[in-house]
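Notes to accompany the following structure.
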2 protein chains.
Amino acid sequence: MNFKIIIRVLGFLIFVEGIAMLLALAVSLIYGESDTYSFLISSGICVSLGGIIALLTNGANKDIGKREGFIIVALVWIVFSFFGTLPYILSNSIPNFTNAFFETMSGFTTTGSSILDDIEALPHGILFWRSLTQWLGGMGIIVLSLAILPVFGIGGMQLFVAEVPGPAPDKISPRIRQTAKTLWVIYLGFTITETVLLWIGGMSFYDAICHSFTTMATGGFSTKQASVAYWSSPFIQYVIIVFMFFAGTNFTLSYLALKGKFKSVFKDEEFRYYWIFVLGFTIIIFFGLLITSQLGVEQAFRDALFQVVSIITTTGFATADYLLWTPFLTIIIFGLFFFGGSAGSTGGGIKIMRIVLLIKNSYYELRRLIHPHAIIPVKFNKRSVDTKIITNVLAFFMLYFIIFAVSTVFFTLIEPDMESAMGAVATSLGNIGPGLGSVGPAENFNHISSIGKWFLSFLMLLGRLELFTILVLFSPSFWKQ
Amino acid sequence: MNFKIIIRVLGFLIFVEGIAMLLALAVSLIYGESDTYSFLISSGICVSLGGIIALLTNGANKDIGKREGFIIVALVWIVFSFFGTLPYILSNSIPNFTNAFFETMSGFTTTGSSILDDIEALPHGILFWRSLTQWLGGMGIIVLSLAILPVFGIGGMQLFVAEVPGPAPDKISPRIRQTAKTLWVIYLGFTITETVLLWIGGMSFYDAICHSFTTMATGGFSTKQASVAYWSSPFIQYVIIVFMFFAGTNFTLSYLALKGKFKSVFKDEEFRYYWIFVLGFTIIIFFGLLITSQLGVEQAFRDALFQVVSIITTTGFATADYLLWTPFLTIIIFGLFFFGGSAGSTGGGIKIMRIVLLIKNSYYELRRLIHPHAIIPVKFNKRSVDTKIITNVLAFFMLYFIIFAVSTVFFTLIEPDMESAMGAVATSLGNIGPGLGSVGPAENFNHISSIGKWFLSFLMLLGRLELFTILVLFSPSFWKQ
C-alpha cells in the first residue's frame with residue numbers, strides 16, 4: 001500500500017478546502033459580520049496544513065492503484081467534514097463538535113439534514129459556507145463517478161465501468177483532467193444560470209447563489225428555516241424544480257444536450273424512466289391533493305411536482321409538509337426515498353438505473369421460468385447487460401435493504417418511534433434531508449442524541465459512496481496481499 | 001393447453017376436500033352440536049361435484065405439461081378456499097362470504113390471520129375444520145415443493161430444481177407417489193407425537209389435535225381467542241416451540257434425522273443458519289425483555305424464544321403481545337416477518353436459504369470489486385451455486401420487496417395508519433398471521449373493509465405460492481405458443 005501518496009492527495013485536498021473557505025471569507029467581509037475571523041483562521045489552518053503535508057510527502061511514488069483509490073475516496077469525505085467544521089466552531093455558530101460534524105457531513109454528502117433551530121440567526125458567511133459544502137460535495141461526486149473512477153476501473157459507484165489495464169499515470173491524468181473540466185464547466189454554467197433566474201424571480205442575490213449551490217448538488221440546505229416555502233412565488237419554485245431535475249440527470253446527458261444532441265438524450269433509457277417516474281408520481285399526488293386538500297389546481301400541481309422532484313432527486317427542499325398530507329400520499333413520498341437520481345448525477349439513493357435493471361430482471365425471470373433453457377439477458381439501452389452487472393446491482397440493492405433494516409432496528413434505541421427511526425435512516429442513507437415523524441420537513445435533527453448523530457453521519461457517507469466503496473474497506477481480502 | 005386435465009385434477013381435489021369434511025363431520029357428531037348438517041351438505045356438494053367432474057372429463061389426455069402444472073397449482077388454493085367456506089356459511093358461524101373466504105384462504109395458505117371476534121363461541125366441528133384447513137394446506141405445500149414440482153421441473157418454489165426431460169407420466173407417478181407417501185408419514189407422525197405430548201401437558205384431546213394441526217402447518221390458528229397464551233403451562237409452550245421449529249425445517253432433513261443421519265442434518269447449511277438465527281434473535285430479545293420488563297428469567301426466555309420461533313417459522317401463535325414490548329424489540333420481531341422457514345418446510349415468507357444466498361452474494365460482491373477478473377461463485381453446502389439460481393433468488397427478493405412496498409402504499413387507503421398497513425401486508429405476504437398496530441397479536445382482521453380482506457387474501461396466495469407461480473400467469477409469454 002502506497003500510504004505516502006494517499007496522505008499527499010489528502011493534503012492537497014485540505015489545501016483546496018482552505019482555498020474554498022476564502023470564498024466564504026469574502027462573503028463575510030462584504031456583510032461585515034462577526035464570522036470573518038473564523039474563516040481567516042480556518043482557511044489558514046487548512047492551507048498551511050495542506051502545504052506542510054505537500055512538503056513532507058514530496059517525492060512520493062505517484063502510482064495510485066485500486067486499493068489506494070478506494071482509501072482516498074473513503075477518507076476524502078471524512079477529512080473534508082472534519083476540517084469543514086472549523087468555521088462553525090470558531091464562529092460559535094455551532095459550538096458543539098458533534099453537531100458541527102453532522103452539519104458538515106450532511107453538507108459534503110449533499111444530504112441536507114440539519115441540526116439548526118434558527119437558521120436565519122446565523123451570519124451570511126457561515127450560511128454561505130454551509131451551501132458551499134454541498135456545492136463542492138456535488139461537484140466532487142460527479143467528477144469522481146464520471147471522470148476519476150471509470151479511468152481507474154473502480155466499480156461499485158459506476159455501473160458500466162470502462163476498465164483501463166493497470167495504472168499508467170501519464171496517460172490517465174490528461175483524460176481525467178479533460179472530462180473533469182467539461183463537467184466543471186457544465187456544473188458552473190447551470191449554477192450561474194439558476195442564480196440569475198432566481199435573482200430575477202425576486203430572491204436576494206445572496207439567497208439566489210446559496211440556493212443554486214444546493215440545488216445543483218441535490219443538497220437541499222436553505223438559508224431559511226422554512227426552506228423554499230419561504231418564497232411563495234411560483235416562478236422561483238418552478239425554477240428550482242427545473243434545476244433539481246437537471247441536477248438529478250446524468251451530467252453526460254446534459255453535455256450531449258448542450259451540444260444539441262437531444263435525440264440521444266431522449267433515447268437514453270434511464271432518462272426516459274426518470275421523467276416517467278417523476279411524471280407518474282406527480283400525477284398521483286396531484287390528484288390525491290386535489291381530492292383531499294383545499295388547494296387550488298395550480299398549487300396542488302406545483303406542490304406535488306416540487307415534492308416529487310425534490311425527493312426523487314434526493315435534494316430535500318420543501319415547499320409543503322408531506323407529513324400533513326393524507327397517509328396514502330405520505331407513504332408514496334416515503335417510497336420515493338428509495339429511488340434517487342440518475343447514475344452520474346449529483347443525486348444519492350439507489351438510482352433510477354439500478355431500479356430499472358432490478359425490475360427488468362424480475363420480469364425477465366418470469367420468462368426464464370417458462371423457458372428454462374433459453375438464455376434471456378436483461379437489455380438496457382438496447383444492449384445486453386452482463387450478468388456481472390446484474391449481480392452487482394442486485395447485491396447493492398440487498399445491501400441497501402439490509403443496512404436500512406438493521407440501522408432502523410438499531411435506531412429505535414435512539415428514537416423509539418418506528419416511523420421516525422425509519423425516516424431518519426432512509427433519509428440519511430439516501431442523502432435526502434428530511435425524514436418522517438420527529439425528523440420531518442418541518443423539524444430538524446437537533447434533538448437526536450450524539451450517538452444518533454454520529455450514526456446518521458456514517459450512513460450519509462455510506463450512502464453517498466454507494467455502500468461498496470466504504471464496505472470494501474471492512475473486507476479482509478482488501479487488506480490481504 | 002390441456003384444459004380438460006386441469007379440470008379433472010381440480011375435480012379430484014374437490015372430491016378429496018369433501019372427504020376431508022367428513023372428519024369435521026365426525027367431530028361435530030361427537031359433540032352433538034348444531035354444525036352437523038352444514039358438514040353433511042358441504043361434503044355432499046364437494047363429493048358429488050368432484051364425482052360429476054370425474055365422469056365428464058373421463059378419458060382426458062393425461063399429459064400435464066409445465067403450463068398446466070402452473071395453472072393447477074394456482075387454482076388449487078383458490079378452489080379449495082372457495083368450497084372450504086361452505087361449512088362456515090351453512091352453519092352460520094361466518095355468514096358473510098368475504099369473511100368466510102378470508103378465513104379459509106388464511107387457513108389453506110397456513111397464514112393464520114383471523115376475522116373471528118369470539119373464537120370460543122363457535123362449535124367444535126367448525127374450529128376443527130378451521131384447523132384442518134391449515135393442516136391440509138401445510139401438507140399440500142410440502143408435497144408440492146418436495147415431491148411434485150421438482151419432478152415437473154417447475155422452478156420458483158424450489159431452489160435446486162431437478163429437471164426431468166419432458167413429461168413421462170408413467171415414470172413420474174411412482175416417484176411422486178413414493179416421495180409424497182414418505183412426507184405424509186413424517187408429517188402425520190409429527191402431528192400425532194405433538195398431540196400426545198400436548199395432551200399429557202394438560203390440553204384437552206380436542207385442543208391438542210387442533211393445535212398440532214396448526215403447529216405442523218406453521219399455520220397458527222388456535223381454538224382460543226388468547227391463542228397459546230391461554231395455556232400458561234411452560235411444558236405446553238415448550239412442546240409447541242419444538243414442533244414449530246420442526247415444522248420450519250426442511251422435511252427432507254426430518255426424514256434424514258428419522259433415519260439416524262444426524263450428521264447430514266447438522267452439516268446442512270440452511271439448517272445451521274436457521275438455528276443460529278433463532279438462537280441469535282432469541283438471545284437479543286431475551287436480554288431486551290430482562291432489561292425492560294418485570295418478567296422472571298425463565299419467562300423472559302420462554303416468551304422470547306416462543307415469539308421468535310413463531311414468527312421466523314411464520315406460524316403466528318402468540319404467548320405475548322410483542323406490540324407491548326419496547327420499540328426496539330417490536331421492530332426486531334417485525335424484521336423477522338421477512339425471514340420465513342426453511343425451503344421444503346411448511347413455513348412461508350422469503351425463506352432462510354434465500355436470505356443466506358442473498359447475504360453471501362452481497363459479501364462476495366465486495367471480493368469481486370477487488371478482483372474484477374476473478375470468477376467468484378457463491379457457495380452453498382460446499383457446492384458452487386449456478387448464477388441462474390442467484391439471479392432467480394435476487395429477482396424473488398426484489399419482487400417480494402416491490403409487492404410489499406406497493407401493497408403497503410395501496411393499503412394505507414384502507415388502513416390509514418402506516419404501521420398497521422405495513423404489518424397487515426407483511427404478515428399476509430409472509431403467511432404469518434398477526435401484524436402490527438390495529439392487526440397486532442391481540443387484535444384481528446374483522447374491522448378491515450371487504451376490499452382490504454380480498455386484497456390480503458390475494459397476498460396470502462401470492463406469498464404461499466412464492467410469487468412466481470402466480471405472477472407467471474400474468475406474463476404474456478406464458479399464454480403465447
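We label chains A, B, ... in the order they appear in the C-alpha cells, count residues from 1 in each chain, and number ligands from 1 in the order shown.
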Closest atom pairs, residues of chain B within 6 Å of chain A, only C-alpha atoms, as a Markdown table:
```
| residue | atom | partner | partner_atom | distance |
| --- | --- | --- | --- | --- |
| B:Pro327 | CA | A:Pro416 | CA | 5.6 |
| B:Phe328 | CA | A:Thr412 | CA | 5.1 |
| B:Ile331 | CA | A:Val409 | CA | 5.9 |
| B:Ser362 | CA | A:Ala395 | CA | 4.5 |
| B:Leu366 | CA | A:Val472 | CA | 5.5 |
| B:Ala395 | CA | A:Ser362 | CA | 4.5 |
| B:Val409 | CA | A:Ile331 | CA | 5.9 |
| B:Thr412 | CA | A:Phe328 | CA | 5.1 |
| B:Leu413 | CA | A:Phe328 | CA | 5.8 |
| B:Pro416 | CA | A:Pro327 | CA | 5.7 |
| B:Val472 | CA | A:Leu366 | CA | 5.5 |
```
Can I get the selected residues back with N, CA, C and O atoms, as a PDB file, in the first residue's frame?
```
ATOM      1  N   PRO B 327     -40.041  -0.478  21.696  1.00  0.00           N
ATOM      2  CA  PRO B 327     -39.999  -0.427  20.226  1.00  0.00           C
ATOM      3  C   PRO B 327     -38.839  -1.195  19.596  1.00  0.00           C
ATOM      4  O   PRO B 327     -39.007  -1.823  18.554  1.00  0.00           O
ATOM      5  N   PHE B 328     -37.683  -1.162  20.233  1.00  0.00           N
ATOM      6  CA  PHE B 328     -36.515  -1.857  19.700  1.00  0.00           C
ATOM      7  C   PHE B 328     -36.821  -3.344  19.500  1.00  0.00           C
ATOM      8  O   PHE B 328     -36.466  -3.933  18.482  1.00  0.00           O
ATOM      9  N   ILE B 331     -39.598  -3.936  16.726  1.00  0.00           N
ATOM     10  CA  ILE B 331     -39.142  -3.796  15.349  1.00  0.00           C
ATOM     11  C   ILE B 331     -38.246  -4.976  14.941  1.00  0.00           C
ATOM     12  O   ILE B 331     -38.195  -5.350  13.775  1.00  0.00           O
ATOM     13  N   SER B 362     -23.945 -10.691  -1.638  1.00  0.00           N
ATOM     14  CA  SER B 362     -23.547  -9.301  -1.386  1.00  0.00           C
ATOM     15  C   SER B 362     -22.127  -9.253  -0.841  1.00  0.00           C
ATOM     16  O   SER B 362     -21.341  -8.391  -1.203  1.00  0.00           O
ATOM     17  N   LEU B 366     -18.134  -7.781  -2.753  1.00  0.00           N
ATOM     18  CA  LEU B 366     -17.017  -6.950  -2.288  1.00  0.00           C
ATOM     19  C   LEU B 366     -15.706  -7.536  -2.794  1.00  0.00           C
ATOM     20  O   LEU B 366     -14.831  -6.819  -3.263  1.00  0.00           O
ATOM     21  N   ALA B 395     -34.142 -11.922  -7.958  1.00  0.00           N
ATOM     22  CA  ALA B 395     -35.383 -11.448  -8.573  1.00  0.00           C
ATOM     23  C   ALA B 395     -36.551 -11.672  -7.613  1.00  0.00           C
ATOM     24  O   ALA B 395     -37.430 -10.816  -7.472  1.00  0.00           O
ATOM     25  N   VAL B 409     -48.454   0.842   0.234  1.00  0.00           N
ATOM     26  CA  VAL B 409     -48.948   2.144  -0.209  1.00  0.00           C
ATOM     27  C   VAL B 409     -50.440   2.042  -0.489  1.00  0.00           C
ATOM     28  O   VAL B 409     -51.241   2.841   0.000  1.00  0.00           O
ATOM     29  N   THR B 412     -52.675   1.778   2.660  1.00  0.00           N
ATOM     30  CA  THR B 412     -52.939   2.952   3.510  1.00  0.00           C
ATOM     31  C   THR B 412     -54.254   3.612   3.112  1.00  0.00           C
ATOM     32  O   THR B 412     -54.803   4.403   3.880  1.00  0.00           O
ATOM     33  N   LEU B 413     -54.776   3.294   1.913  1.00  0.00           N
ATOM     34  CA  LEU B 413     -56.103   3.792   1.542  1.00  0.00           C
ATOM     35  C   LEU B 413     -57.180   3.087   2.365  1.00  0.00           C
ATOM     36  O   LEU B 413     -58.264   3.615   2.574  1.00  0.00           O
ATOM     37  N   PRO B 416     -55.419   3.671   7.263  1.00  0.00           N
ATOM     38  CA  PRO B 416     -54.555   4.841   7.051  1.00  0.00           C
ATOM     39  C   PRO B 416     -53.311   4.874   7.943  1.00  0.00           C
ATOM     40  O   PRO B 416     -52.402   5.635   7.677  1.00  0.00           O
ATOM     41  N   VAL B 472     -46.420 -15.618 -12.963  1.00  0.00           N
ATOM     42  CA  VAL B 472     -46.138 -16.132 -14.294  1.00  0.00           C
ATOM     43  C   VAL B 472     -47.419 -16.185 -15.128  1.00  0.00           C
ATOM     44  O   VAL B 472     -47.391 -16.037 -16.359  1.00  0.00           O
TER      45      VAL B 472
END
```
Within 7 Å of stretch 4-14 of chain B using only C-alpha atoms, minus same-chain residues under 4 positions, as a VMD selection string = chain B and resid 18 46 to 47 50 53 to 54 57 60 to 62 68 72 76 80
request  = Within 6 Å of stretch 206-223 of chain A, counting only C-alpha atoms, which residues show up once you throw out same-chain ones fewer than 2 positions away? Write them as a VMD selection string, please.
outcome  = chain A and resid 110 to 112 131 134 to 135 138 191 194 to 195 198 to 199 203 to 204 227 244 247 314 to 317 346 to 347
With N, CA and C atoms retained, write the just-selected residues as an mmCIF file, in the first residue's frame.
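This went into out26.cif:
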```
data_model
loop_
_atom_site.group_PDB
_atom_site.id
_atom_site.type_symbol
_atom_site.label_atom_id
_atom_site.label_comp_id
_atom_site.auth_asym_id
_atom_site.auth_seq_id
_atom_site.Cartn_x
_atom_site.Cartn_y
_atom_site.Cartn_z
ATOM 1 N N THR A 110 -24.098 16.043 0.424
ATOM 2 C CA THR A 110 -25.274 16.636 -0.243
ATOM 3 C C THR A 110 -26.586 16.089 0.309
ATOM 4 N N THR A 111 -26.581 15.769 1.612
ATOM 5 C CA THR A 111 -27.798 15.237 2.228
ATOM 6 C C THR A 111 -28.787 16.363 2.516
ATOM 7 N N GLY A 112 -28.365 17.296 3.367
ATOM 8 C CA GLY A 112 -29.238 18.424 3.663
ATOM 9 C C GLY A 112 -29.998 18.328 4.970
ATOM 10 N N SER A 131 -23.789 26.259 2.341
ATOM 11 C CA SER A 131 -24.249 25.937 0.988
ATOM 12 C C SER A 131 -23.084 25.475 0.110
ATOM 13 N N GLN A 134 -22.121 21.828 0.183
ATOM 14 C CA GLN A 134 -22.927 20.963 -0.677
ATOM 15 C C GLN A 134 -22.495 21.078 -2.129
ATOM 16 N N TRP A 135 -22.242 22.311 -2.557
ATOM 17 C CA TRP A 135 -21.855 22.514 -3.951
ATOM 18 C C TRP A 135 -20.562 21.760 -4.258
ATOM 19 N N GLY A 138 -21.279 18.009 -4.324
ATOM 20 C CA GLY A 138 -21.936 17.597 -5.568
ATOM 21 C C GLY A 138 -20.950 17.540 -6.714
ATOM 22 N N THR A 191 -25.227 26.433 -12.443
ATOM 23 C CA THR A 191 -25.332 27.179 -11.192
ATOM 24 C C THR A 191 -25.535 28.670 -11.467
ATOM 25 N N GLU A 194 -29.065 29.342 -12.916
ATOM 26 C CA GLU A 194 -30.107 29.276 -11.893
ATOM 27 C C GLU A 194 -30.052 30.508 -10.994
ATOM 28 N N THR A 195 -28.817 30.919 -10.626
ATOM 29 C CA THR A 195 -28.671 32.090 -9.764
ATOM 30 C C THR A 195 -29.349 33.306 -10.398
ATOM 31 N N LEU A 198 -33.179 32.945 -10.368
ATOM 32 C CA LEU A 198 -33.771 33.118 -9.032
ATOM 33 C C LEU A 198 -33.734 34.591 -8.623
ATOM 34 N N TRP A 199 -32.639 35.240 -9.012
ATOM 35 C CA TRP A 199 -32.475 36.666 -8.699
ATOM 36 C C TRP A 199 -33.569 37.460 -9.398
ATOM 37 N N MET A 203 -35.524 36.659 -5.507
ATOM 38 C CA MET A 203 -34.647 36.330 -4.378
ATOM 39 C C MET A 203 -33.547 37.371 -4.291
ATOM 40 N N SER A 204 -32.996 37.568 -3.093
ATOM 41 C CA SER A 204 -31.800 38.402 -2.998
ATOM 42 C C SER A 204 -30.679 37.670 -3.720
ATOM 43 N N SER A 227 -37.271 26.684 4.547
ATOM 44 C CA SER A 227 -36.820 26.159 3.261
ATOM 45 C C SER A 227 -37.441 26.975 2.121
ATOM 46 N N MET A 244 -33.483 21.239 -10.106
ATOM 47 C CA MET A 244 -33.355 19.977 -9.357
ATOM 48 C C MET A 244 -33.412 18.821 -10.345
ATOM 49 N N ALA A 247 -30.176 18.541 -12.082
ATOM 50 C CA ALA A 247 -29.138 18.031 -11.185
ATOM 51 C C ALA A 247 -29.278 16.522 -10.981
ATOM 52 N N THR A 314 -33.293 13.394 -4.468
ATOM 53 C CA THR A 314 -32.650 13.423 -3.145
ATOM 54 C C THR A 314 -32.184 14.829 -2.752
ATOM 55 N N THR A 315 -32.868 15.867 -3.248
ATOM 56 C CA THR A 315 -32.493 17.225 -2.855
ATOM 57 C C THR A 315 -33.000 17.516 -1.446
ATOM 58 N N GLY A 316 -34.307 17.447 -1.267
ATOM 59 C CA GLY A 316 -34.847 17.619 0.078
ATOM 60 C C GLY A 316 -35.358 19.003 0.423
ATOM 61 N N PHE A 317 -35.396 19.917 -0.568
ATOM 62 C CA PHE A 317 -36.074 21.198 -0.333
ATOM 63 C C PHE A 317 -37.542 20.928 -0.038
ATOM 64 N N THR A 346 -25.788 14.307 -9.399
ATOM 65 C CA THR A 346 -25.361 14.565 -8.028
ATOM 66 C C THR A 346 -26.311 13.913 -7.028
ATOM 67 N N GLY A 347 -27.385 13.283 -7.503
ATOM 68 C CA GLY A 347 -28.355 12.642 -6.621
ATOM 69 C C GLY A 347 -27.786 11.424 -5.910
#
```
inquiry  = Need to verify the contact set: A:Gly125, 8 Å, only C-alpha atoms, exclusion of same-chain residues closer than 3 positions in sequence. Can you return it as a PyMOL selection string?
reply    = chain A and resi 24-28+31+33+35-36+128-129
key: stretch 427-434 of chain A environment, 9 Å, only C-alpha atoms, sequence neighbours closer than 2 positions dropped, as a ChimeraX atom specification   = /A:106,109-114,218-221,310-318,337-340,347-350,400,403-404,422-425,436,439-445,456-464
inquiry  = Which residues are close to B:Ala100, i.e. within 12 Å by only C-alpha atoms, leaving aside same-chain residues fewer than 6 positions away? Reply as number ranges by chain.
reply    = B: 81-94, 106-107, 114-116, 126, 130, 446, 450, 453-454, 457
task = List every residue of stretch 208-360 of chain A that DSSP, applied to the backbone of this structure, places in alpha helix (DSSP H), and write the result as an MDAnalysis selection string.
result = chainID A and resid 208:216 234:247 251:258 262:267 269:292 297:312 327:336 352:360
inquiry  = Between atom CA of B:Thr319 and atom CA of B:Gln307, what is the distance in Å, rounded to a tenth?
reply    =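 Spanning atom CA of B:Thr319 to atom CA of B:Gln307 is a straight-line distance of 7.3 Å.
The nearest approach to A:Ser420 among the residues A:Leu323, A:Leu146, A:Asp386, A:Gln299, with only C-alpha atoms taken into account, belongs to A:Leu323.
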query = Using only C-alpha atoms, which of the listed residues (B:Leu75, B:Val308, B:Ile148, B:Leu258) sits closest to B:Ile470?
reply =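 Smallest separation from B:Ile470 among the options: B:Leu75.
Relative to atom CA of A:Ser232, atom CA of A:Trp275 is found at 25.2 Å.
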